[in-house]
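S.K.: Input final02.tsv, format and content: TSV, C-alpha atoms.
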```tsv
chain	number	residue	atom	x	y	z
A	204	MET	CA	6.00	46.08	30.67
A	205	GLU	CA	5.53	49.74	29.85
A	206	GLN	CA	3.98	51.76	32.68
A	207	ILE	CA	1.22	54.08	31.54
A	208	ALA	CA	0.87	57.72	32.54
A	209	LEU	CA	-2.36	59.10	31.13
A	210	ASN	CA	-3.15	62.79	31.05
A	211	GLU	CA	-6.41	63.72	32.77
A	212	ASP	CA	-8.52	64.27	29.63
A	213	ILE	CA	-7.51	60.98	28.05
A	214	ARG	CA	-7.93	59.20	31.36
A	215	LYS	CA	-11.54	60.38	31.66
A	216	GLU	CA	-12.33	59.13	28.18
A	217	VAL	CA	-10.59	55.83	28.73
A	218	LYS	CA	-12.38	55.46	32.05
A	219	GLU	CA	-15.77	55.65	30.31
A	220	ILE	CA	-14.67	53.08	27.75
A	221	VAL	CA	-13.42	50.79	30.50
A	222	ILE	CA	-16.67	51.09	32.46
A	223	ALA	CA	-18.63	50.31	29.30
A	224	ARG	CA	-16.45	47.25	28.71
A	225	LEU	CA	-16.74	46.06	32.30
A	226	GLU	CA	-20.51	46.46	32.21
A	227	THR	CA	-20.70	43.84	29.48
A	228	LEU	CA	-19.14	41.24	31.81
A	229	ASN	CA	-20.91	38.78	34.08
A	230	LYS	CA	-21.39	40.88	37.21
A	231	ASP	CA	-21.58	37.85	39.48
A	232	SER	CA	-18.18	36.46	38.47
A	233	LYS	CA	-15.69	36.44	41.26
A	234	ILE	CA	-12.20	37.86	41.02
A	235	LEU	CA	-9.86	36.49	43.66
A	236	LEU	CA	-6.99	38.73	44.69
A	237	LEU	CA	-3.89	37.49	46.46
A	238	GLY	CA	-3.65	40.65	48.50
A	239	LEU	CA	-4.84	41.28	52.01
A	240	GLU	CA	-8.41	42.01	50.94
A	241	GLY	CA	-11.10	39.52	50.00
A	242	PRO	CA	-12.53	38.60	46.58
A	243	VAL	CA	-14.21	41.25	44.45
A	244	SER	CA	-17.07	40.99	41.99
A	245	VAL	CA	-17.23	42.71	38.61
A	246	ALA	CA	-19.83	45.07	40.09
A	247	LYS	CA	-17.32	46.05	42.79
A	248	LEU	CA	-14.61	46.49	40.15
A	249	ILE	CA	-16.86	48.89	38.23
A	250	ASP	CA	-17.49	50.76	41.46
A	251	GLU	CA	-13.74	51.09	42.09
A	252	VAL	CA	-13.28	52.54	38.60
A	253	ARG	CA	-16.20	54.94	39.00
A	254	LYS	CA	-14.96	56.35	42.29
A	255	ASP	CA	-11.36	56.67	41.05
A	256	SER	CA	-9.81	54.61	43.84
A	257	GLU	CA	-6.15	53.71	43.46
A	258	PHE	CA	-7.17	50.24	42.33
A	259	GLY	CA	-9.77	51.68	39.96
A	260	LYS	CA	-7.20	54.01	38.39
A	261	LYS	CA	-4.89	51.06	37.86
A	262	VAL	CA	-7.67	49.11	36.19
A	263	VAL	CA	-8.16	52.00	33.75
A	264	GLU	CA	-4.45	52.23	32.99
A	265	VAL	CA	-4.06	48.50	32.41
A	266	GLN	CA	-7.17	48.34	30.26
A	267	TYR	CA	-5.79	51.21	28.19
A	268	ALA	CA	-2.56	49.26	27.71
A	269	TYR	CA	-4.63	46.22	26.76
A	270	LEU	CA	-6.62	48.16	24.17
A	271	LYS	CA	-3.44	49.66	22.73
A	272	MET	CA	-1.95	46.22	22.41
A	273	LEU	CA	-5.07	44.89	20.70
A	274	VAL	CA	-5.03	47.76	18.22
A	275	SER	CA	-1.31	47.34	17.54
A	276	GLY	CA	-1.79	43.66	16.77
A	277	LYS	CA	0.80	42.62	19.33
A	278	ILE	CA	-1.63	40.26	20.96
B	142	MET	CA	24.12	17.06	44.11
B	143	LYS	CA	20.45	17.66	43.39
B	144	LYS	CA	19.13	21.16	43.76
B	145	LYS	CA	16.13	21.81	45.96
B	146	ILE	CA	12.86	23.59	45.32
B	147	LEU	CA	10.78	24.85	48.22
B	148	PHE	CA	7.03	25.30	47.78
B	149	THR	CA	4.98	27.07	50.44
B	150	ARG	CA	1.29	26.40	49.93
B	151	PRO	CA	-1.18	27.09	52.69
B	152	ARG	CA	-4.82	26.24	52.02
B	153	ASP	CA	-6.70	28.24	54.59
B	154	LYS	CA	-8.60	30.66	52.31
B	155	PRO	CA	-10.30	30.39	48.90
B	156	GLU	CA	-7.44	32.17	47.15
B	157	THR	CA	-4.73	29.95	48.61
B	158	MET	CA	-6.86	26.88	47.99
B	159	TYR	CA	-6.57	27.54	44.25
B	160	LEU	CA	-2.81	28.07	44.37
B	161	HIS	CA	-2.48	24.90	46.43
B	162	TYR	CA	-4.34	23.10	43.66
B	163	PHE	CA	-2.07	24.62	40.98
B	164	CYS	CA	0.99	23.11	42.68
B	165	LYS	CA	-0.43	19.68	43.33
B	166	GLU	CA	0.23	17.95	40.00
B	167	LEU	CA	3.31	20.03	39.38
B	168	ILE	CA	4.98	18.82	42.57
B	169	LYS	CA	4.04	15.24	41.74
B	170	GLU	CA	5.59	15.64	38.29
B	171	ILE	CA	8.80	17.23	39.57
B	172	LYS	CA	9.16	14.43	42.10
B	173	SER	CA	8.60	11.76	39.46
B	174	VAL	CA	11.26	13.22	37.14
B	175	GLY	CA	13.67	13.20	40.08
B	176	GLU	CA	16.02	15.94	38.94
B	177	PHE	CA	15.18	18.16	41.92
B	178	ILE	CA	14.37	17.55	45.54
B	179	VAL	CA	11.04	19.12	46.52
B	180	LEU	CA	10.59	20.64	49.94
B	181	ASP	CA	6.83	20.89	50.29
B	182	LEU	CA	5.58	23.12	53.09
B	183	GLU	CA	1.85	22.63	53.12
B	184	ASP	CA	-1.11	23.93	55.17
B	185	LYS	CA	-0.29	24.13	58.89
B	186	GLU	CA	3.42	23.73	58.16
B	187	VAL	CA	3.49	27.15	56.50
B	188	THR	CA	4.42	29.11	59.59
B	189	ARG	CA	7.26	31.54	60.03
B	190	ASN	CA	9.15	29.00	62.12
B	191	GLY	CA	8.54	26.21	59.63
B	192	PHE	CA	9.61	28.42	56.73
B	193	GLU	CA	12.79	29.60	58.41
B	194	ARG	CA	13.71	26.12	59.62
B	195	THR	CA	13.17	24.58	56.17
B	196	ILE	CA	15.36	27.16	54.43
B	197	LYS	CA	18.17	26.88	56.98
B	198	LYS	CA	18.13	23.09	56.91
B	199	GLY	CA	17.23	22.48	53.27
B	200	ASN	CA	19.09	25.29	51.53
B	201	PRO	CA	16.74	25.48	48.52
B	202	ARG	CA	17.86	27.06	45.27
B	203	LEU	CA	14.35	27.97	44.09
B	204	ILE	CA	11.62	29.16	46.46
B	205	ILE	CA	8.05	29.30	45.23
B	206	LEU	CA	5.86	31.28	47.58
B	207	ASN	CA	2.08	30.97	47.28
B	208	GLY	CA	0.02	33.17	49.53
B	209	HIS	CA	-1.44	36.52	50.37
B	210	GLY	CA	0.98	39.39	50.36
B	211	SER	CA	1.65	43.09	50.29
B	212	LYS	CA	4.62	45.35	49.58
B	213	GLU	CA	6.05	44.47	52.98
B	214	LEU	CA	5.25	40.81	53.64
B	215	ILE	CA	4.01	37.40	52.60
B	216	LEU	CA	1.58	35.41	54.70
B	217	GLY	CA	1.46	31.71	55.46
B	218	TYR	CA	-1.12	29.61	57.28
B	219	LYS	CA	-3.72	31.60	59.26
B	220	ASP	CA	-2.04	34.92	58.43
B	221	ASP	CA	1.30	34.06	60.01
B	222	ILE	CA	3.86	36.39	58.43
B	223	ILE	CA	6.43	34.05	56.93
B	224	LEU	CA	8.56	36.64	55.13
B	225	ASP	CA	9.28	40.30	55.82
B	226	GLU	CA	12.25	42.60	56.23
B	227	ASN	CA	13.35	40.89	59.45
B	228	ASN	CA	14.08	37.50	57.87
B	229	ILE	CA	14.78	38.59	54.30
B	230	ASN	CA	18.43	37.51	54.69
B	231	LEU	CA	17.24	33.89	54.51
B	232	LEU	CA	16.83	34.42	50.77
B	233	GLN	CA	20.56	34.81	50.17
B	234	SER	CA	21.66	33.20	46.86
B	235	THR	CA	18.17	31.93	46.08
B	236	ILE	CA	15.75	32.55	43.24
B	237	ILE	CA	12.21	33.36	44.34
B	238	TYR	CA	8.92	33.21	42.48
B	239	ALA	CA	6.26	34.86	44.63
B	240	VAL	CA	2.67	34.27	43.54
B	241	SER	CA	1.20	36.93	45.70
B	242	CYS	CA	-0.09	40.49	45.46
B	243	ASP	CA	2.17	43.52	45.35
B	244	THR	CA	5.38	41.96	46.71
B	245	LEU	CA	7.70	42.75	43.81
B	246	THR	CA	7.87	46.45	44.57
B	247	GLY	CA	9.05	46.51	48.14
B	248	LEU	CA	9.78	43.03	49.36
B	249	GLY	CA	11.27	42.00	46.02
B	250	GLU	CA	13.67	44.92	45.95
B	251	LEU	CA	14.55	44.30	49.57
B	252	ALA	CA	15.22	40.63	48.84
B	253	ILE	CA	17.87	41.63	46.30
B	254	HIS	CA	19.48	44.58	48.05
B	255	LYS	CA	19.30	43.52	51.68
B	256	GLY	CA	18.63	39.79	51.45
B	257	LYS	CA	21.23	39.18	48.70
B	258	ALA	CA	18.81	36.95	46.80
B	259	GLU	CA	19.93	36.23	43.25
B	260	ALA	CA	16.59	37.03	41.64
B	261	TYR	CA	13.03	37.75	42.73
B	262	ILE	CA	10.13	37.18	40.35
B	263	GLY	CA	6.76	38.54	41.38
B	264	TYR	CA	3.92	40.93	40.73
B	265	SER	CA	4.03	44.68	41.29
B	266	SER	CA	0.28	44.89	41.82
B	267	ARG	CA	-2.52	42.53	42.76
B	268	PHE	CA	-2.44	38.99	41.41
B	269	MET	CA	-5.83	38.04	39.94
B	270	LEU	CA	-7.68	34.76	39.50
B	271	ILE	CA	-11.11	34.42	37.95
B	272	ILE	CA	-13.23	31.67	39.42
B	273	ASP	CA	-16.61	30.15	38.83
B	274	PRO	CA	-18.25	30.41	42.28
B	275	THR	CA	-20.58	27.52	41.48
B	276	LYS	CA	-17.56	25.19	41.28
B	277	SER	CA	-15.79	26.27	44.45
B	278	ALA	CA	-16.55	22.93	46.14
B	279	VAL	CA	-14.85	21.00	43.32
B	280	ILE	CA	-12.24	23.34	41.96
B	281	GLN	CA	-10.89	20.76	39.51
B	282	LYS	CA	-14.14	21.30	37.58
B	283	ASP	CA	-13.75	25.07	37.45
B	284	LYS	CA	-12.92	25.87	33.82
B	285	ASN	CA	-12.29	29.53	34.59
B	286	ILE	CA	-9.26	28.68	36.66
B	287	GLU	CA	-7.56	26.51	34.04
B	288	PRO	CA	-5.69	29.26	32.09
B	289	PHE	CA	-4.27	30.60	35.35
B	290	ARG	CA	-3.12	27.13	36.33
B	291	GLN	CA	-1.47	26.72	32.94
B	292	VAL	CA	0.38	30.03	33.29
B	293	TYR	CA	1.59	29.06	36.75
B	294	ILE	CA	2.90	25.71	35.49
B	295	ARG	CA	4.50	27.41	32.50
B	296	MET	CA	6.52	29.78	34.64
B	297	VAL	CA	7.78	27.10	37.00
B	298	THR	CA	8.50	24.72	34.13
B	299	CYS	CA	10.55	27.40	32.35
B	300	LEU	CA	12.59	27.98	35.48
B	301	ILE	CA	13.31	24.32	36.21
B	302	SER	CA	14.02	23.60	32.55
B	303	GLY	CA	17.11	25.77	32.76
B	304	LEU	CA	15.86	28.96	31.12
B	305	ASN	CA	17.18	32.08	32.78
B	306	ILE	CA	14.90	34.50	34.61
B	307	ARG	CA	14.52	36.90	31.68
B	308	SER	CA	13.68	34.13	29.20
B	309	SER	CA	11.31	32.44	31.65
B	310	ILE	CA	9.35	35.65	32.03
B	311	GLU	CA	9.36	36.38	28.29
B	312	ASP	CA	8.24	32.85	27.49
B	313	THR	CA	5.48	33.00	30.10
B	314	LYS	CA	4.27	36.37	28.82
B	315	GLU	CA	4.17	35.03	25.28
B	316	PHE	CA	2.20	32.07	26.57
B	317	ILE	CA	-0.25	34.44	28.26
B	318	ARG	CA	-0.65	36.35	24.97
B	319	SER	CA	-1.50	33.09	23.22
B	320	LEU	CA	-4.12	32.33	25.89
B	321	ILE	CA	-5.61	35.80	25.52
B	322	ARG	CA	-5.87	35.22	21.76
B	323	GLU	CA	-7.46	31.83	22.39
B	324	TYR	CA	-10.00	33.28	24.81
B	325	GLY	CA	-10.71	36.06	22.31
B	326	VAL	CA	-12.45	33.52	20.10
B	327	TYR	CA	-13.94	31.66	23.03
B	328	GLY	CA	-17.18	33.67	23.19
B	329	ILE	CA	-19.33	31.20	21.34
B	330	ARG	CA	-18.54	28.46	23.93
B	331	ASP	CA	-18.66	30.82	26.88
B	332	LYS	CA	-22.25	30.72	28.04
B	333	PHE	CA	-21.53	32.59	31.30
B	334	GLY	CA	-19.60	35.36	29.55
B	335	ASP	CA	-16.47	34.91	31.63
B	336	ALA	CA	-13.96	34.75	28.76
B	337	PRO	CA	-13.58	38.58	28.53
B	338	LEU	CA	-12.99	38.71	32.27
B	339	ILE	CA	-10.42	35.92	32.05
B	340	ARG	CA	-8.64	37.82	29.27
B	341	MET	CA	-8.64	40.95	31.39
B	342	ALA	CA	-7.13	39.15	34.39
B	343	LEU	CA	-4.55	37.31	32.30
B	344	PHE	CA	-3.41	40.59	30.80
B	345	TRP	CA	-3.38	42.21	34.25
B	346	ASN	CA	-1.11	39.47	35.66
B	347	MET	CA	1.13	39.69	32.58
B	348	PHE	CA	1.36	43.46	32.90
B	349	PHE	CA	2.61	43.33	36.48
B	350	LEU	CA	4.82	40.22	36.23
B	351	ASN	CA	8.49	41.14	36.46
B	352	ALA	CA	11.71	40.43	38.31
B	353	TYR	CA	14.59	42.08	40.13
B	354	GLY	CA	18.13	40.84	40.48
B	355	LYS	CA	20.27	38.88	38.04
B	356	LEU	CA	17.99	38.25	35.12
B	357	GLU	CA	20.54	35.94	33.49
B	358	ALA	CA	20.53	33.62	36.51
B	359	VAL	CA	19.38	30.03	36.11
B	360	ILE	CA	18.26	27.46	38.63
```
Let me see the file written as structure tokens.
M.R.:
Amino acid sequence: MEQIALNEDIRKEVKEIVIARLETLNKDSKILLLGLEGPVSVAKLIDEVRKDSEFGKKVVEVQYAYLKMLVSGKI
Amino acid sequence: MKKKILFTRPRDKPETMYLHYFCKELIKEIKSVGEFIVLDLEDKEVTRNGFERTIKKGNPRLIILNGHGSKELILGYKDDIILDENNINLLQSTIIYAVSCDTLTGLGELAIHKGKAEAYIGYSSRFMLIIDPTKSAVIQKDKNIEPFRQVYIRMVTCLISGLNIRSSIEDTKEFIRSLIREYGVYGIRDKFGDAPLIRMALFWNMFFLNAYGKLEAVI
């Protein structure tokens, strides 16, 4: 899968779109992660995106790839 | 001579409980077909010693690792480190599918270059599952988890059906795309609004699913 490198301006715009998308989701839903940390909620995910954590940045990049794929009709 | 498949499936945390459930019917089915011998390391058996002993004695061709992980390690029961750089040589000539966070970049590369594994399939970031917390006592009734279970079964089925690593991954990714499309029109039946989140997590897992090693290898 193509890795995404967003320039800073685009990343900021995409970040706002991603937050808006995430805010439409059920905030109580649980996301289980098979890493060394515990489960996260959607609210926590939004928080990670807002504060630009490494995980939050990845969420933005993957969501951008997802949106591109939707627009291209590949999915 | 029948080839062997090793499953490690601890069930000591919510996350591993779901993966344990994913394997349950699959293992039963593989056993009933009888083409492969299943080595099933479950719960308290998933210790470093148990893992090492089973590989040395059983010599599995395919190893399916379910558990928490990082770039450096995979955990078994009660956080016992079952795989890291120090025992990576046990993976020699095997094919691994690690359902765990982050292990592909790091442990996966090490498995190929130092451990001489034939191929390592895994995820280069976190592995996500979406659950319905109200169904955690009876996970069979959790509809959110079903697409993730289907993807898991698809990947393993591709591998044991004789598809090579590359084709197994491509087929599984295509299957994920079809699920994303299906969940895209799911909204009307989705009273809790979880379908968009499920789509997001399916895409996330697809995005980071990949493999190192000989991608033309077959079980």
S.K.: My list of candidates is B:Asp153, B:Glu250, B:Asp220, B:Asp312. Which is closest to chain A when distances are computed with all atoms listed in the file?
M.R.: B:Asp220
S.K.: Restricting the calculation to all atoms listed in the file, which member of B:Gly325, B:Gly354, B:Gly175, B:Gly256 is positioned closest to chain A?
M.R.: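 Looking only at the distances to chain A, the closest residue turns out to be B:Gly325.
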S.K.: For Lys233 (chain A), list every protein, DNA or RNA residue within 12 Å, evaluated using only C-alpha atoms, and leave out those in the same chain fewer than 6 positions away; present the list as a JSON list (two decimals) with C-alpha atoms, in the frame of the given file.
M.R.:
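out_33.json was written with the following content:
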```json
[["chain", "number", "residue", "atom", "x", "y", "z"],
["A", 241, "GLY", "CA", -11.10, 39.52, 50.00],
["A", 242, "PRO", "CA", -12.53, 38.60, 46.58],
["A", 243, "VAL", "CA", -14.21, 41.25, 44.45],
["A", 244, "SER", "CA", -17.07, 40.99, 41.99],
["A", 245, "VAL", "CA", -17.23, 42.71, 38.61],
["A", 246, "ALA", "CA", -19.83, 45.07, 40.09],
["A", 247, "LYS", "CA", -17.32, 46.05, 42.79],
["A", 248, "LEU", "CA", -14.61, 46.49, 40.15],
["B", 155, "PRO", "CA", -10.30, 30.39, 48.90],
["B", 156, "GLU", "CA", -7.44, 32.17, 47.15],
["B", 269, "MET", "CA", -5.83, 38.04, 39.94],
["B", 270, "LEU", "CA", -7.68, 34.76, 39.50],
["B", 271, "ILE", "CA", -11.11, 34.42, 37.95],
["B", 272, "ILE", "CA", -13.23, 31.67, 39.42],
["B", 273, "ASP", "CA", -16.61, 30.15, 38.83],
["B", 274, "PRO", "CA", -18.25, 30.41, 42.28],
["B", 275, "THR", "CA", -20.58, 27.52, 41.48],
["B", 276, "LYS", "CA", -17.56, 25.19, 41.28],
["B", 277, "SER", "CA", -15.79, 26.27, 44.45],
["B", 285, "ASN", "CA", -12.29, 29.53, 34.59],
["B", 286, "ILE", "CA", -9.26, 28.68, 36.66],
["B", 335, "ASP", "CA", -16.47, 34.91, 31.63],
["B", 338, "LEU", "CA", -12.99, 38.71, 32.27],
["B", 339, "ILE", "CA", -10.42, 35.92, 32.05],
["B", 342, "ALA", "CA", -7.13, 39.15, 34.39]]
```
S.K.: Have a look at CA of Phe177 (chain B) and CA of Asp221 (chain B) and let me know their distance in Å, one decimal.
M.R.: 27.8 Å
S.K.: If I put a ball of radius 10 Å at (-10.9, 53.7, 39.7) in the file's coordinates, which residues poke into it when counting all atoms listed in the file, written as a list in words?
M.R.: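 Checked against the point, the hits come out as Lys218, Val221, Ile222, Leu248, Ile249, Asp250, Glu251, Val252, Arg253, Lys254, Asp255, Ser256, Glu257, Phe258, Gly259, Lys260, Lys261, Val262, Val263 and Glu264 of chain A.
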S.K.: CA of Ser265 (chain B) to CA of Phe349 (chain B): how many Å, to one decimal?
M.R.: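 These two atoms are separated by 5.2 Å.
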S.K.: Have a look at CA of Ala336 (chain B) and CA of Lys215 (chain A) and let me know their distance in Å, one decimal.
M.R.: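 Taking CA of Ala336 (chain B) as the start and CA of Lys215 (chain A) as the end point, the length is 25.9 Å.
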S.K.: Near chain B, which residues of chain A fall within 6 Å when you count all atoms listed in the file, and what do they look like as an NGL selection string?
M.R.: :A and (204 or 229 or 233-238 or 278)
S.K.: Output C-alpha atoms of each residue in that selection to a file, as a PDB file, keeping the file's coordinate frame.
M.R.:
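Written file, result_10.pdb:
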```
ATOM      1  CA  MET A 204       6.000  46.080  30.670  1.00  0.00           C
ATOM      2  CA  ASN A 229     -20.910  38.780  34.080  1.00  0.00           C
ATOM      3  CA  LYS A 233     -15.690  36.440  41.260  1.00  0.00           C
ATOM      4  CA  ILE A 234     -12.200  37.860  41.020  1.00  0.00           C
ATOM      5  CA  LEU A 235      -9.860  36.490  43.660  1.00  0.00           C
ATOM      6  CA  LEU A 236      -6.990  38.730  44.690  1.00  0.00           C
ATOM      7  CA  LEU A 237      -3.890  37.490  46.460  1.00  0.00           C
ATOM      8  CA  GLY A 238      -3.650  40.650  48.500  1.00  0.00           C
ATOM      9  CA  ILE A 278      -1.630  40.260  20.960  1.00  0.00           C
TER      10      ILE A 278
END
```
S.K.: Could you list, as an MDAnalysis selection string, every residue within 12 Å of Glu176 (chain B), counting all atoms listed in the file and ignoring same-chain residues fewer than 6 positions away?
M.R.: chainID B and resid 142:146 168 170 301:303 360
S.K.: When you look at Lys185 (chain B) with a cut-off of 12 Å (counting only C-alpha atoms), what residues show up, excluding the ones that are within fewer than 2 positions of it in the same chain? I need them as a short mmCIF file (atom, residue, chain, number, x, y, z; two decimals) with C-alpha atoms, in the frame of the given file.
M.R.:
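Written output follows (part32.cif):
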```cif
data_model
loop_
_atom_site.label_atom_id
_atom_site.label_comp_id
_atom_site.auth_asym_id
_atom_site.auth_seq_id
_atom_site.Cartn_x
_atom_site.Cartn_y
_atom_site.Cartn_z
CA THR B 149 4.98 27.07 50.44
CA ARG B 150 1.29 26.40 49.93
CA PRO B 151 -1.18 27.09 52.69
CA ARG B 152 -4.82 26.24 52.02
CA ASP B 153 -6.70 28.24 54.59
CA ASP B 181 6.83 20.89 50.29
CA LEU B 182 5.58 23.12 53.09
CA GLU B 183 1.85 22.63 53.12
CA VAL B 187 3.49 27.15 56.50
CA THR B 188 4.42 29.11 59.59
CA ARG B 189 7.26 31.54 60.03
CA ASN B 190 9.15 29.00 62.12
CA GLY B 191 8.54 26.21 59.63
CA PHE B 192 9.61 28.42 56.73
CA GLY B 217 1.46 31.71 55.46
CA TYR B 218 -1.12 29.61 57.28
CA LYS B 219 -3.72 31.60 59.26
CA ASP B 220 -2.04 34.92 58.43
CA ASP B 221 1.30 34.06 60.01
#
```
S.K.: Using all atoms listed in the file for the distances, tell me which of B:Glu311, B:Ile237, B:Asn346, B:Leu231 is nearest to Tyr261 (chain B).
M.R.: B:Ile237
S.K.: Because the input lacks atoms here, generate all heavy atoms for region 245-253 of chain A and report them as a JSON list (two decimals), in the frame of the given file.
M.R.:
```
[["chain", "number", "residue", "atom", "x", "y", "z"],
["A", 245, "VAL", "N", -17.35, 41.74, 39.71],
["A", 245, "VAL", "CA", -17.23, 42.71, 38.61],
["A", 245, "VAL", "C", -17.94, 44.01, 38.99],
["A", 245, "VAL", "O", -17.44, 45.10, 38.70],
["A", 245, "VAL", "CB", -17.82, 42.11, 37.31],
["A", 245, "VAL", "CG1", -17.90, 43.17, 36.21],
["A", 245, "VAL", "CG2", -16.99, 40.93, 36.84],
["A", 246, "ALA", "N", -19.08, 43.87, 39.67],
["A", 246, "ALA", "CA", -19.83, 45.07, 40.09],
["A", 246, "ALA", "C", -18.95, 45.95, 40.99],
["A", 246, "ALA", "O", -18.92, 47.18, 40.85],
["A", 246, "ALA", "CB", -21.09, 44.66, 40.82],
["A", 247, "LYS", "N", -18.21, 45.31, 41.88],
["A", 247, "LYS", "CA", -17.32, 46.05, 42.79],
["A", 247, "LYS", "C", -16.17, 46.70, 42.00],
["A", 247, "LYS", "O", -15.75, 47.83, 42.28],
["A", 247, "LYS", "CB", -16.78, 45.07, 43.84],
["A", 247, "LYS", "CG", -15.64, 45.57, 44.68],
["A", 247, "LYS", "CD", -16.11, 46.47, 45.80],
["A", 247, "LYS", "CE", -14.95, 46.85, 46.71],
["A", 247, "LYS", "NZ", -15.18, 48.10, 47.40],
["A", 248, "LEU", "N", -15.68, 45.96, 41.00],
["A", 248, "LEU", "CA", -14.61, 46.49, 40.15],
["A", 248, "LEU", "C", -15.07, 47.77, 39.43],
["A", 248, "LEU", "O", -14.35, 48.78, 39.38],
["A", 248, "LEU", "CB", -14.22, 45.42, 39.13],
["A", 248, "LEU", "CG", -12.88, 45.56, 38.42],
["A", 248, "LEU", "CD1", -11.73, 45.44, 39.42],
["A", 248, "LEU", "CD2", -12.73, 44.46, 37.35],
["A", 249, "ILE", "N", -16.29, 47.71, 38.92],
["A", 249, "ILE", "CA", -16.86, 48.89, 38.23],
["A", 249, "ILE", "C", -16.95, 50.06, 39.22],
["A", 249, "ILE", "O", -16.62, 51.20, 38.89],
["A", 249, "ILE", "CB", -18.25, 48.55, 37.63],
["A", 249, "ILE", "CG1", -18.08, 47.53, 36.50],
["A", 249, "ILE", "CG2", -18.94, 49.81, 37.12],
["A", 249, "ILE", "CD1", -19.39, 46.95, 36.00],
["A", 250, "ASP", "N", -17.37, 49.73, 40.42],
["A", 250, "ASP", "CA", -17.49, 50.76, 41.46],
["A", 250, "ASP", "C", -16.13, 51.41, 41.76],
["A", 250, "ASP", "O", -16.04, 52.64, 41.92],
["A", 250, "ASP", "CB", -18.08, 50.09, 42.72],
["A", 250, "ASP", "CG", -18.42, 51.11, 43.78],
["A", 250, "ASP", "OD1", -19.03, 52.12, 43.43],
["A", 250, "ASP", "OD2", -18.06, 50.90, 44.95],
["A", 251, "GLU", "N", -15.09, 50.57, 41.82],
["A", 251, "GLU", "CA", -13.74, 51.09, 42.09],
["A", 251, "GLU", "C", -13.30, 52.04, 40.97],
["A", 251, "GLU", "O", -12.66, 53.06, 41.23],
["A", 251, "GLU", "CB", -12.73, 49.93, 42.19],
["A", 251, "GLU", "CG", -12.94, 49.00, 43.37],
["A", 251, "GLU", "CD", -12.47, 49.58, 44.69],
["A", 251, "GLU", "OE1", -11.53, 50.38, 44.68],
["A", 251, "GLU", "OE2", -13.08, 49.23, 45.72],
["A", 252, "VAL", "N", -13.64, 51.68, 39.74],
["A", 252, "VAL", "CA", -13.28, 52.54, 38.60],
["A", 252, "VAL", "C", -14.06, 53.85, 38.67],
["A", 252, "VAL", "O", -13.50, 54.93, 38.50],
["A", 252, "VAL", "CB", -13.54, 51.81, 37.26],
["A", 252, "VAL", "CG1", -13.32, 52.76, 36.08],
["A", 252, "VAL", "CG2", -12.63, 50.60, 37.12],
["A", 253, "ARG", "N", -15.35, 53.74, 38.94],
["A", 253, "ARG", "CA", -16.20, 54.94, 39.00],
["A", 253, "ARG", "C", -15.71, 55.94, 40.05],
["A", 253, "ARG", "O", -15.69, 57.13, 39.83],
["A", 253, "ARG", "CB", -17.63, 54.55, 39.35],
["A", 253, "ARG", "CG", -18.44, 54.05, 38.19],
["A", 253, "ARG", "CD", -19.93, 54.05, 38.57],
["A", 253, "ARG", "NE", -20.68, 53.08, 37.80],
["A", 253, "ARG", "CZ", -21.02, 53.22, 36.53],
["A", 253, "ARG", "NH1", -20.68, 54.30, 35.89],
["A", 253, "ARG", "NH2", -21.69, 52.29, 35.90]]
```
